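So this block is start_3.tsv, TSV, N, CA and C atoms and all ligand atoms:
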```tsv
chain	number	residue	atom	x	y	z
A	296	MET	N	144.24	86.93	12.73
A	296	MET	CA	145.58	86.33	12.66
A	296	MET	C	146.02	85.90	14.07
A	297	ALA	N	146.59	84.70	14.17
A	297	ALA	CA	147.05	84.21	15.47
A	297	ALA	C	148.23	85.05	15.96
A	298	ASP	N	148.34	85.17	17.27
A	298	ASP	CA	149.47	85.88	17.86
A	298	ASP	C	150.77	85.16	17.52
A	299	THR	N	151.78	85.91	17.22
A	299	THR	CA	153.10	85.33	16.99
A	299	THR	C	154.01	85.77	18.14
A	300	LEU	N	155.22	85.26	18.07
A	300	LEU	CA	156.28	85.67	18.98
A	300	LEU	C	156.42	87.19	19.02
A	301	PHE	N	156.30	87.82	17.87
A	301	PHE	CA	156.53	89.27	17.80
A	301	PHE	C	155.38	90.05	18.44
A	302	THR	N	154.16	89.52	18.40
A	302	THR	CA	153.06	90.17	19.12
A	302	THR	C	153.38	90.13	20.61
A	303	LYS	N	153.94	89.03	21.06
A	303	LYS	CA	154.30	88.90	22.48
A	303	LYS	C	155.40	89.89	22.86
A	304	ILE	N	156.31	90.17	21.93
A	304	ILE	CA	157.35	91.18	22.19
A	304	ILE	C	156.71	92.56	22.25
A	305	ILE	N	155.80	92.85	21.32
A	305	ILE	CA	155.09	94.16	21.33
A	305	ILE	C	154.38	94.35	22.66
A	306	ASN	N	153.73	93.27	23.13
A	306	ASN	CA	152.94	93.35	24.37
A	306	ASN	C	153.76	93.15	25.64
A	307	ARG	N	155.08	93.04	25.47
A	307	ARG	CA	156.02	92.86	26.59
A	307	ARG	C	155.72	91.58	27.38
A	308	GLU	N	155.21	90.57	26.67
A	308	GLU	CA	154.98	89.27	27.33
A	308	GLU	C	156.24	88.42	27.31
A	309	ILE	N	157.12	88.70	26.33
A	309	ILE	CA	158.46	88.09	26.36
A	309	ILE	C	159.48	89.21	26.14
A	310	PRO	N	160.68	89.03	26.69
A	310	PRO	CA	161.67	90.11	26.62
A	310	PRO	C	162.33	90.22	25.24
A	311	ALA	N	162.80	91.40	24.93
A	311	ALA	CA	163.60	91.63	23.72
A	311	ALA	C	164.44	92.86	23.98
A	312	ASP	N	165.50	92.98	23.21
A	312	ASP	CA	166.38	94.15	23.34
A	312	ASP	C	165.83	95.24	22.42
A	313	ILE	N	164.85	95.99	22.93
A	313	ILE	CA	164.13	96.99	22.14
A	313	ILE	C	164.98	98.25	21.99
A	314	ILE	N	165.14	98.71	20.74
A	314	ILE	CA	165.98	99.89	20.50
A	314	ILE	C	165.16	101.07	19.99
A	315	HIS	N	163.90	100.84	19.67
A	315	HIS	CA	163.04	101.94	19.19
A	315	HIS	C	161.58	101.54	19.34
A	316	GLU	N	160.75	102.52	19.71
A	316	GLU	CA	159.31	102.30	19.70
A	316	GLU	C	158.62	103.61	19.37
A	317	ASP	N	157.60	103.53	18.54
A	317	ASP	CA	156.72	104.68	18.30
A	317	ASP	C	155.31	104.12	18.15
A	318	GLU	N	154.37	104.97	17.79
A	318	GLU	CA	152.97	104.49	17.80
A	318	GLU	C	152.69	103.42	16.75
A	319	LEU	N	153.53	103.36	15.71
A	319	LEU	CA	153.29	102.43	14.61
A	319	LEU	C	154.21	101.22	14.59
A	320	SER	N	155.38	101.35	15.22
A	320	SER	CA	156.41	100.32	15.02
A	320	SER	C	157.25	100.08	16.26
A	321	LEU	N	157.98	98.96	16.17
A	321	LEU	CA	158.92	98.59	17.23
A	321	LEU	C	160.18	98.07	16.53
A	322	ALA	N	161.34	98.33	17.10
A	322	ALA	CA	162.58	97.75	16.57
A	322	ALA	C	163.34	97.12	17.73
A	323	PHE	N	163.89	95.94	17.46
A	323	PHE	CA	164.65	95.24	18.50
A	323	PHE	C	165.74	94.41	17.85
A	324	LYS	N	166.77	94.10	18.65
A	324	LYS	CA	167.91	93.36	18.13
A	324	LYS	C	167.51	91.91	17.83
A	325	ASP	N	168.01	91.39	16.71
A	325	ASP	CA	167.75	89.99	16.36
A	325	ASP	C	168.48	89.09	17.36
A	326	ILE	N	167.79	88.06	17.82
A	326	ILE	CA	168.35	87.16	18.85
A	326	ILE	C	169.49	86.31	18.28
A	327	ASN	N	169.53	86.18	16.95
A	327	ASN	CA	170.55	85.35	16.29
A	327	ASN	C	171.22	86.17	15.18
A	328	PRO	N	172.04	87.16	15.60
A	328	PRO	CA	172.53	88.15	14.63
A	328	PRO	C	173.40	87.55	13.54
A	329	GLN	N	173.19	88.04	12.32
A	329	GLN	CA	173.96	87.57	11.15
A	329	GLN	C	174.95	88.61	10.67
A	330	ALA	N	175.10	89.68	11.43
A	330	ALA	CA	176.05	90.76	11.11
A	330	ALA	C	176.30	91.50	12.43
A	331	PRO	N	177.37	92.32	12.48
A	331	PRO	CA	177.64	93.06	13.73
A	331	PRO	C	176.44	93.88	14.20
A	332	HIS	N	175.70	94.47	13.26
A	332	HIS	CA	174.42	95.10	13.59
A	332	HIS	C	173.34	94.29	12.89
A	333	HIS	N	172.37	93.81	13.64
A	333	HIS	CA	171.23	93.09	13.04
A	333	HIS	C	170.03	93.34	13.93
A	334	PHE	N	169.11	94.15	13.43
A	334	PHE	CA	167.87	94.37	14.18
A	334	PHE	C	166.68	94.24	13.25
A	335	LEU	N	165.52	94.12	13.85
A	335	LEU	CA	164.27	93.95	13.11
A	335	LEU	C	163.37	95.14	13.38
A	336	VAL	N	162.74	95.65	12.34
A	336	VAL	CA	161.74	96.70	12.50
A	336	VAL	C	160.40	96.09	12.12
A	337	ILE	N	159.44	96.17	13.04
A	337	ILE	CA	158.14	95.52	12.80
A	337	ILE	C	157.01	96.53	13.00
A	338	PRO	N	155.92	96.32	12.27
A	338	PRO	CA	154.74	97.15	12.54
A	338	PRO	C	154.03	96.61	13.78
A	339	LYS	N	153.38	97.49	14.53
A	339	LYS	CA	152.57	96.99	15.65
A	339	LYS	C	151.32	96.28	15.12
A	340	LYS	N	150.88	96.71	13.95
A	340	LYS	CA	149.75	96.03	13.30
A	340	LYS	C	150.19	94.63	12.86
A	341	SER	N	149.32	93.65	13.07
A	341	SER	CA	149.64	92.28	12.66
A	341	SER	C	149.40	92.12	11.16
A	342	ILE	N	150.48	91.93	10.42
A	342	ILE	CA	150.43	91.63	8.99
A	342	ILE	C	151.34	90.41	8.83
A	343	ALA	N	150.83	89.31	8.28
A	343	ALA	CA	151.59	88.06	8.31
A	343	ALA	C	152.81	88.08	7.38
A	344	THR	N	152.61	88.48	6.13
A	344	THR	CA	153.69	88.39	5.15
A	344	THR	C	153.62	89.59	4.21
A	345	VAL	N	154.63	89.72	3.38
A	345	VAL	CA	154.62	90.77	2.34
A	345	VAL	C	153.37	90.62	1.47
A	346	ASN	N	152.94	89.37	1.23
A	346	ASN	CA	151.76	89.13	0.40
A	346	ASN	C	150.48	89.70	1.01
A	347	ASP	N	150.52	89.98	2.31
A	347	ASP	CA	149.30	90.45	3.00
A	347	ASP	C	149.27	91.96	3.18
A	348	ILE	N	150.27	92.66	2.65
A	348	ILE	CA	150.27	94.13	2.74
A	348	ILE	C	149.13	94.68	1.89
A	349	GLN	N	148.32	95.53	2.48
A	349	GLN	CA	147.17	96.09	1.78
A	349	GLN	C	147.46	97.53	1.37
A	350	GLU	N	146.63	98.03	0.48
A	350	GLU	CA	146.70	99.43	0.02
A	350	GLU	C	146.85	100.39	1.22
A	351	GLU	N	146.06	100.13	2.26
A	351	GLU	CA	146.03	101.04	3.42
A	351	GLU	C	147.32	100.95	4.26
A	352	ASP	N	148.18	99.95	3.96
A	352	ASP	CA	149.41	99.76	4.74
A	352	ASP	C	150.62	100.43	4.09
A	353	LYS	N	150.41	101.08	2.95
A	353	LYS	CA	151.57	101.59	2.20
A	353	LYS	C	152.42	102.57	3.02
A	354	ALA	N	151.75	103.48	3.73
A	354	ALA	CA	152.51	104.45	4.54
A	354	ALA	C	153.20	103.75	5.71
A	355	LEU	N	152.54	102.75	6.26
A	355	LEU	CA	153.11	102.00	7.38
A	355	LEU	C	154.40	101.28	6.95
A	356	VAL	N	154.37	100.66	5.78
A	356	VAL	CA	155.55	99.95	5.30
A	356	VAL	C	156.68	100.96	5.01
A	357	GLY	N	156.33	102.10	4.45
A	357	GLY	CA	157.33	103.16	4.25
A	357	GLY	C	157.92	103.60	5.57
A	358	HIS	N	157.07	103.68	6.59
A	358	HIS	CA	157.54	104.07	7.92
A	358	HIS	C	158.60	103.10	8.45
A	359	LEU	N	158.43	101.81	8.19
A	359	LEU	CA	159.41	100.82	8.67
A	359	LEU	C	160.79	101.13	8.08
A	360	PHE	N	160.82	101.50	6.80
A	360	PHE	CA	162.10	101.84	6.16
A	360	PHE	C	162.69	103.14	6.73
A	361	MET	N	161.80	104.10	7.03
A	361	MET	CA	162.29	105.36	7.62
A	361	MET	C	162.92	105.10	8.99
A	362	VAL	N	162.29	104.22	9.77
A	362	VAL	CA	162.83	103.86	11.09
A	362	VAL	C	164.17	103.14	10.92
A	363	ALA	N	164.22	102.22	9.93
A	363	ALA	CA	165.47	101.49	9.68
A	363	ALA	C	166.62	102.46	9.40
A	364	ALA	N	166.39	103.43	8.53
A	364	ALA	CA	167.45	104.38	8.16
A	364	ALA	C	167.82	105.28	9.34
A	365	LYS	N	166.83	105.70	10.10
A	365	LYS	CA	167.08	106.56	11.26
A	365	LYS	C	167.96	105.82	12.28
A	366	LEU	N	167.62	104.56	12.55
A	366	LEU	CA	168.40	103.79	13.53
A	366	LEU	C	169.80	103.50	13.00
A	367	ALA	N	169.91	103.17	11.71
A	367	ALA	CA	171.23	102.92	11.13
A	367	ALA	C	172.10	104.17	11.24
A	368	THR	N	171.49	105.33	11.06
A	368	THR	CA	172.23	106.60	11.20
A	368	THR	C	172.66	106.79	12.65
A	369	GLU	N	171.72	106.60	13.57
A	369	GLU	CA	172.05	106.79	15.00
A	369	GLU	C	173.12	105.81	15.47
A	370	LEU	N	173.08	104.59	14.92
A	370	LEU	CA	174.05	103.57	15.34
A	370	LEU	C	175.37	103.71	14.58
A	371	GLY	N	175.41	104.61	13.59
A	371	GLY	CA	176.68	104.96	12.96
A	371	GLY	C	177.09	104.13	11.76
A	372	PHE	N	176.17	103.36	11.18
A	372	PHE	CA	176.58	102.57	10.01
A	372	PHE	C	175.79	102.87	8.74
A	373	ALA	N	175.01	103.95	8.75
A	373	ALA	CA	174.19	104.27	7.57
A	373	ALA	C	175.05	104.66	6.37
A	374	GLU	N	176.07	105.46	6.62
A	374	GLU	CA	176.88	105.95	5.50
A	374	GLU	C	177.66	104.83	4.83
A	375	GLU	N	178.22	103.91	5.62
A	375	GLU	CA	179.00	102.83	5.01
A	375	GLU	C	178.09	101.81	4.33
A	376	GLY	N	176.83	101.76	4.75
A	376	GLY	CA	175.85	100.93	4.07
A	376	GLY	C	175.38	99.73	4.86
A	377	TYR	N	174.29	99.18	4.41
A	377	TYR	CA	173.65	98.07	5.12
A	377	TYR	C	172.64	97.41	4.20
A	378	ARG	N	172.03	96.35	4.68
A	378	ARG	CA	171.03	95.63	3.88
A	378	ARG	C	169.70	95.57	4.62
A	379	THR	N	168.61	95.77	3.89
A	379	THR	CA	167.27	95.56	4.44
A	379	THR	C	166.66	94.38	3.70
A	380	VAL	N	166.02	93.49	4.46
A	380	VAL	CA	165.44	92.27	3.88
A	380	VAL	C	164.09	91.99	4.52
A	381	MET	N	163.11	91.64	3.70
A	381	MET	CA	161.86	91.07	4.21
A	381	MET	C	161.70	89.70	3.57
A	382	ASN	N	161.85	88.66	4.34
A	382	ASN	CA	161.67	87.31	3.82
A	382	ASN	C	160.17	87.01	3.73
A	383	CYS	N	159.78	86.33	2.66
A	383	CYS	CA	158.34	86.02	2.48
A	383	CYS	C	158.13	84.52	2.28
A	384	ASN	N	157.38	83.95	3.21
A	384	ASN	CA	156.95	82.54	3.12
A	384	ASN	C	158.13	81.57	3.04
A	385	GLN	N	157.82	80.33	2.71
A	385	GLN	CA	158.79	79.24	2.86
A	385	GLN	C	160.06	79.43	2.01
A	386	ASN	N	159.89	79.70	0.74
A	386	ASN	CA	161.08	79.84	-0.11
A	386	ASN	C	161.89	81.08	0.22
A	387	GLY	N	161.24	82.05	0.83
A	387	GLY	CA	161.96	83.26	1.24
A	387	GLY	C	162.66	83.09	2.57
A	388	GLY	N	162.40	81.97	3.25
A	388	GLY	CA	163.06	81.72	4.54
A	388	GLY	C	162.36	82.37	5.72
A	389	GLN	N	161.08	82.72	5.55
A	389	GLN	CA	160.36	83.36	6.66
A	389	GLN	C	160.03	82.33	7.74
A	390	THR	N	160.32	82.68	8.98
A	390	THR	CA	160.03	81.76	10.10
A	390	THR	C	159.03	82.37	11.08
A	391	VAL	N	158.92	83.69	11.12
A	391	VAL	CA	157.96	84.34	12.01
A	391	VAL	C	156.96	85.09	11.14
A	392	TYR	N	155.68	84.73	11.31
A	392	TYR	CA	154.64	85.25	10.41
A	392	TYR	C	154.00	86.53	10.95
A	393	HIS	N	154.87	87.50	11.21
A	393	HIS	CA	154.51	88.88	11.52
A	393	HIS	C	155.52	89.70	10.74
A	394	LEU	N	155.05	90.53	9.82
A	394	LEU	CA	155.94	91.29	8.93
A	394	LEU	C	157.12	91.87	9.69
A	395	HIS	N	158.33	91.72	9.16
A	395	HIS	CA	159.50	92.32	9.81
A	395	HIS	C	160.56	92.64	8.77
A	396	LEU	N	161.19	93.78	8.99
A	396	LEU	CA	162.28	94.24	8.13
A	396	LEU	C	163.59	93.97	8.85
A	397	HIS	N	164.39	93.06	8.27
A	397	HIS	CA	165.75	92.85	8.82
A	397	HIS	C	166.62	94.03	8.41
A	398	VAL	N	167.44	94.50	9.32
A	398	VAL	CA	168.44	95.52	8.99
A	398	VAL	C	169.79	94.96	9.43
A	399	LEU	N	170.69	94.77	8.44
A	399	LEU	CA	171.99	94.15	8.71
A	399	LEU	C	173.10	95.10	8.27
A	400	GLY	N	174.08	95.31	9.13
A	400	GLY	CA	175.18	96.20	8.76
A	400	GLY	C	176.38	95.99	9.66
A	401	GLY	N	177.37	96.83	9.43
A	401	GLY	CA	178.57	96.77	10.27
A	401	GLY	C	179.71	96.01	9.63
A	402	LYS	N	179.48	95.44	8.43
A	402	LYS	CA	180.55	94.77	7.68
A	402	LYS	C	180.09	94.66	6.23
A	403	PRO	N	181.03	94.44	5.29
A	403	PRO	CA	180.60	94.21	3.90
A	403	PRO	C	179.81	92.91	3.84
A	404	LEU	N	178.67	92.93	3.19
A	404	LEU	CA	177.80	91.76	3.11
A	404	LEU	C	177.90	91.14	1.71
A	405	GLY	N	178.00	89.83	1.66
A	405	GLY	CA	178.14	89.15	0.36
A	405	GLY	C	176.88	89.26	-0.48
A	406	TRP	N	177.05	89.27	-1.79
A	406	TRP	CA	175.93	89.22	-2.72
A	406	TRP	C	176.36	88.45	-3.95
A	407	PRO	N	175.59	87.50	-4.46
A	407	PRO	CA	174.26	87.13	-3.98
A	407	PRO	C	174.32	86.37	-2.66
A	408	PRO	N	173.19	86.28	-1.96
A	408	PRO	CA	173.19	85.67	-0.64
A	408	PRO	C	173.23	84.15	-0.67
A	409	TYR	N	173.19	83.54	-1.86
A	409	TYR	CA	173.27	82.09	-1.99
A	409	TYR	C	174.34	81.79	-3.03
A	410	GLN	N	174.85	80.56	-3.00
A	410	GLN	CA	175.98	80.24	-3.89
A	410	GLN	C	175.64	79.18	-4.92
A	411	GLU	N	174.51	78.46	-4.76
A	411	GLU	CA	174.26	77.35	-5.70
A	411	GLU	C	173.99	77.90	-7.10
A	412	LYS	N	174.27	77.04	-8.10
A	412	LYS	CA	174.07	77.46	-9.49
A	412	LYS	C	172.57	77.52	-9.76
A	413	LEU	N	172.14	78.61	-10.29
A	413	LEU	CA	170.71	78.81	-10.52
A	413	LEU	C	170.30	78.31	-11.89
A	414	LYS	N	169.13	77.65	-11.94
A	414	LYS	CA	168.52	77.35	-13.22
A	414	LYS	C	167.58	78.52	-13.50
A	415	THR	N	167.82	79.23	-14.55
A	415	THR	CA	166.99	80.42	-14.83
A	415	THR	C	165.60	79.99	-15.26
A	416	ILE	N	164.59	80.65	-14.71
A	416	ILE	CA	163.20	80.32	-15.06
A	416	ILE	C	162.79	81.13	-16.29
A	501	LIG	P1	162.64	85.37	9.36
A	501	LIG	O1	163.40	84.08	9.23
A	501	LIG	O2	162.84	86.32	8.21
A	501	LIG	O3	161.16	85.12	9.64
A	501	LIG	O4	163.26	86.12	10.59
A	501	LIG	C1	162.88	85.90	11.89
A	501	LIG	C2	164.00	86.45	12.75
A	501	LIG	O5	163.52	86.58	14.07
A	501	LIG	C3	165.23	85.55	12.81
A	501	LIG	O6	166.35	86.27	12.32
A	501	LIG	C4	165.35	85.21	14.29
A	501	LIG	O7	166.69	85.14	14.72
A	501	LIG	C5	164.59	86.34	14.94
A	501	LIG	N1	164.02	86.04	16.25
A	501	LIG	C6	163.32	84.94	16.61
A	501	LIG	N2	162.94	85.03	17.89
A	501	LIG	C7	163.41	86.21	18.35
A	501	LIG	C8	163.35	86.88	19.62
A	501	LIG	N3	162.72	86.34	20.68
A	501	LIG	N4	163.96	88.08	19.74
A	501	LIG	C9	164.60	88.62	18.68
A	501	LIG	N5	164.67	88.05	17.46
A	501	LIG	C10	164.10	86.86	17.30
```
Representation of the structure as structure tokens:
Amino acid sequence: MADTLFTKIINREIPADIIHEDELSLAFKDINPQAPHHFLVIPKKSIATVNDIQEEDKALVGHLFMVAAKLATELGFAEEGYRTVMNCNQNGGQTVYHLHLHVLGGKPLGWPPYQEKLKTI
């Protein structure tokens, strides 16, 4: 898999506001926040999309959620609630092809996230 922007952040080749690191993952603030708290939790392992998660990655993906909840607790917004999102490919709005868990909180978030009238499939 080709290096992405996020590999460069892992390798400290470009700067980021890193808020957590362990042997499996890194978390840093989103450069274009969509909520008062918006950070990304990523695996150090290069996995392009949700579609590329393998059987052997199950614990790693669970770990990303554990890190998300731990950081939300430390930052003080876990109890009031937050949203976790993994966008997948074009229709999901994915722009960086290194798996990442968005964590958004600090205000009530609208649902559904889009407003157009849906044609049910
Ligand atoms: P997605 O659209 O789901 O692929 O999300 C990619 C996210 O990465 C977006 O929310 C961007 O704002 C964020 N992003 C892009 N470049 C950086 C960067 N250098 N540091 C932090 N976040 C970034």
For the interface of chain A with ligand LIG 501 (chain A) (cut-off 7 Å, counting only C-alpha atoms and all ligand atoms), please tabulate each contacting residue of chain A alongside its nearest pair of atoms and their separation in Å to one decimal, rows sorted by chain and increasing number, as JSON lines.
```
{"residue": "A:Leu300", "atom": "CA", "partner": "A:LIG501", "partner_atom": "N3", "distance": 6.7}
{"residue": "A:Ala311", "atom": "CA", "partner": "A:LIG501", "partner_atom": "N4", "distance": 5.3}
{"residue": "A:Phe323", "atom": "CA", "partner": "A:LIG501", "partner_atom": "C9", "distance": 6.6}
{"residue": "A:Lys324", "atom": "CA", "partner": "A:LIG501", "partner_atom": "C9", "distance": 5.8}
{"residue": "A:Asp325", "atom": "CA", "partner": "A:LIG501", "partner_atom": "N5", "distance": 3.8}
{"residue": "A:Ile326", "atom": "CA", "partner": "A:LIG501", "partner_atom": "C9", "distance": 4.0}
{"residue": "A:Asn327", "atom": "CA", "partner": "A:LIG501", "partner_atom": "O7", "distance": 4.2}
{"residue": "A:Pro328", "atom": "CA", "partner": "A:LIG501", "partner_atom": "O7", "distance": 6.6}
{"residue": "A:Met381", "atom": "CA", "partner": "A:LIG501", "partner_atom": "O2", "distance": 6.3}
{"residue": "A:Asn382", "atom": "CA", "partner": "A:LIG501", "partner_atom": "O2", "distance": 4.6}
{"residue": "A:Gly388", "atom": "CA", "partner": "A:LIG501", "partner_atom": "O1", "distance": 5.3}
{"residue": "A:Gln389", "atom": "CA", "partner": "A:LIG501", "partner_atom": "O3", "distance": 3.6}
{"residue": "A:Thr390", "atom": "CA", "partner": "A:LIG501", "partner_atom": "O3", "distance": 3.6}
{"residue": "A:Val391", "atom": "CA", "partner": "A:LIG501", "partner_atom": "O3", "distance": 4.1}
{"residue": "A:Tyr392", "atom": "CA", "partner": "A:LIG501", "partner_atom": "O3", "distance": 6.6}
```
Nearest residue to Pro338 of chain A from the set A:Glu318, A:Ile313, A:Gly376, A:Gly405 (distances using all atoms listed in the file) = A:Glu318
Please indicate the distance in Å from atom CA of Leu359 of chain A to atom CA of Phe372 of chain A, rounded to one decimal place.
-> 17.3 Å
So which bits of segment 341-378 of chain A end up helix (DSSP H, G or I) when you DSSP the backbone, as a ChimeraX atom specification?
-> /A:345-347,350-370
Separating atom N of Leu355 of chain A from atom CA of Pro408 of chain A, to the nearest tenth of an Å, is a gap of 27.7 Å
For Phe334 of chain A, which residue among A:Pro407, A:Gly387, A:Gly400, A:Gly371 is the nearest when counting all atoms listed in the file?
->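 The answer is A:Gly400, which sits nearest to Phe334 of chain A.
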May I have the residues within 6 Å of Leu399 of chain A as a VMD selection string, using only N, CA and C atoms and disregarding those fewer than 2 positions away in the same chain?
-> chain A and resid 330 332 to 334 377 to 379 397 401
Please provide the set of residues having any atom within 8 Å of Val345 of chain A, restricted to only N, CA and C atoms, with same-chain residues fewer than 2 positions apart removed, written as number ranges by chain.
-> A: 342-343, 347-349, 381-384, 393-395
Can you work out which one of A:Lys414, A:Lys402, A:Arg307, A:His358 has the shortest atom-to-atom distance to Val336 of chain A, counting only C-alpha atoms?
->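 Ranked by minimum distance to Val336 of chain A, first place goes to A:His358.
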Gap from atom C of Lys340 of chain A to atom C of Ile314 of chain A - Å, one decimal =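 Taking atom C of Lys340 of chain A as the start and atom C of Ile314 of chain A as the end point, the length is 17.8 Å.
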Minimum-distance residue to Leu321 of chain A, chosen among A:Leu335, A:Leu404, A:Leu370, A:Ala354 (using only C-alpha atoms) = A:Leu335
Quick one: DSSP strand (DSSP E or B) residues in segment 349-405 of chain A, as a list of chain:residue names?
->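 The residues of segment 349-405 of chain A classed as strand (DSSP E or B) are A:Tyr377, A:Arg378, A:Thr379, A:Val380, A:Leu396, A:His397, A:Val398, A:Leu399, A:Gly400.
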